[in-house]
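This report concerns only the one structure given below.
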Amino acid sequence: MNTQTKGRAVVAEQRPTVRRRVLGANLRRLREDKDLYLEDSAERLGCHPAKVSRIEAGRSGIRQLDLRVLLDLYGVTGDAERESWLALAREGRRQRWWRVLEDQLPQDFLDLVGLEEEVYECRGFQPGIVPGLFQTERYATAVIQGGSTGDLDAEQRAKLRVRMERQKALSRSAPAPLNVWMVLGEAAIRQQVGGPEVLRAQLLHLVELGQLPNVTLQVLPFTAGAYQGGPYPFLIYSFPPPAALEVVLLENFASHAYLEAREDTARLGSAFDHIRATALSALESESLIGRIANELPRP
């Protein structure tokens, strides 16, 4: 193995995929629920406890045979549940459409795309901007440009392409369409990103998306006052059974951060419940969005 190839292998092990982290965290939960130690699992697999630790940390994948052994040890016997675990353990064998862009995009951004292909539900709060899953191409272009003008560079074009492709999760057939429950701050629907014409088209697009059976859209109005969590965006992704695990995505200007600890997901889940209860209803939100769109100056 040459130095470059070896370097890529090291990076791959140090940068676990979200799917591996989810699987590992759930295997750790199953083991702890049975009051077993790493050494107990390692003995059943005939390996060193460090290998089990790497699997639970998401730094290593797990063979289907080894997973079956652990499921036996942890008392997971139902055929449907076992198959769900095995499916979660399989790294995608199909060619992922975004792989051709790996050299042009940050790894944490690619992790986000992979995550949205695996989960069945997304709940979130975006106080200041329309989230990527809901953006029109012109609005997304303005966001990516960040106030600059001119043509997009190669990385910006890649981001735009991925952002548009991500939205297919809302209408995909296999797996089922992604369920999205999103609360937008009123600032997100008033900030004239790209100018009045671009914003108007974006707002009308939001109204259309709100008609989808798998999309719930609410607006937190300026009049709502203080709310839990503060003015910080977050997304909560839920995996289908048997994972029973949620992953929180925190975004900032430079990167993404993923939180998987139960106390973190519970805290943000509670904040989301408070925000959605404080926000306007879906019908009231649709009315407000439409009214703002009509108030925008026309060319």
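Numbering starts fresh at 1 for the residues of each chain in the structure tokens, the chains themselves are lettered A, B, ... in the order given, and ligands are numbered from 1 as they appear.
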Surrounding residues of segment 125-133 of chain A excluding itself and chain neighbours under 3 positions, 6 Å, only C-alpha atoms, as a VMD selection string
chain A and resid 167 182 to 185 187 to 188 233 to 234
Which residues, written as a VMD selection string, have at least one atom at most 10 Å from Leu217 of chain A, with only C-alpha atoms counted and residues fewer than 4 positions away on the same chain left out?
chain A and resid 180 to 184 206 to 207 209 to 212 276 279 to 283 285 to 286
As an MDAnalysis selection string, please: every residue in segment 169-295 of chain A that DSSP puts in helix (DSSP H, G or I).
chainID A and resid 169:170 186:190 196:209 222:224 262:278 282:295
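Neighbouring residues of Arg20 of chain A at 8 Å or closer, counting only C-alpha atoms and skipping chain neighbours under 4 positions away, are Pro16, Gly24, Ile55, Gly58, Arg59, Ser60, Gly61 and Ala89 of chain A.
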With C-alpha atoms retained, could you export that selection as a PDB file, in the first residue's frame?
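Written output follows (again.pdb):
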ATOM      1  CA  PRO A  16     -16.898   7.080  10.575  1.00  0.00           C
ATOM      2  CA  GLY A  24     -22.480   1.229  16.842  1.00  0.00           C
ATOM      3  CA  ILE A  55     -17.489  -1.109  16.128  1.00  0.00           C
ATOM      4  CA  GLY A  58     -18.461   3.636  14.491  1.00  0.00           C
ATOM      5  CA  ARG A  59     -14.788   3.497  13.529  1.00  0.00           C
ATOM      6  CA  SER A  60     -15.118   0.009  12.057  1.00  0.00           C
ATOM      7  CA  GLY A  61     -17.837  -1.746  10.154  1.00  0.00           C
ATOM      8  CA  ALA A  89     -25.196  -2.709   8.972  1.00  0.00           C
TER       9      ALA A  89
END
Could you name the residues that touch segment 258-274 of chain A at 6 Å or less, counting only C-alpha atoms, but leaving out those on the same chain fewer than 3 positions away, as a list in words?
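That gives Gln228, Gly229, Val247, Val248, Leu249 and Ala277 of chain A.
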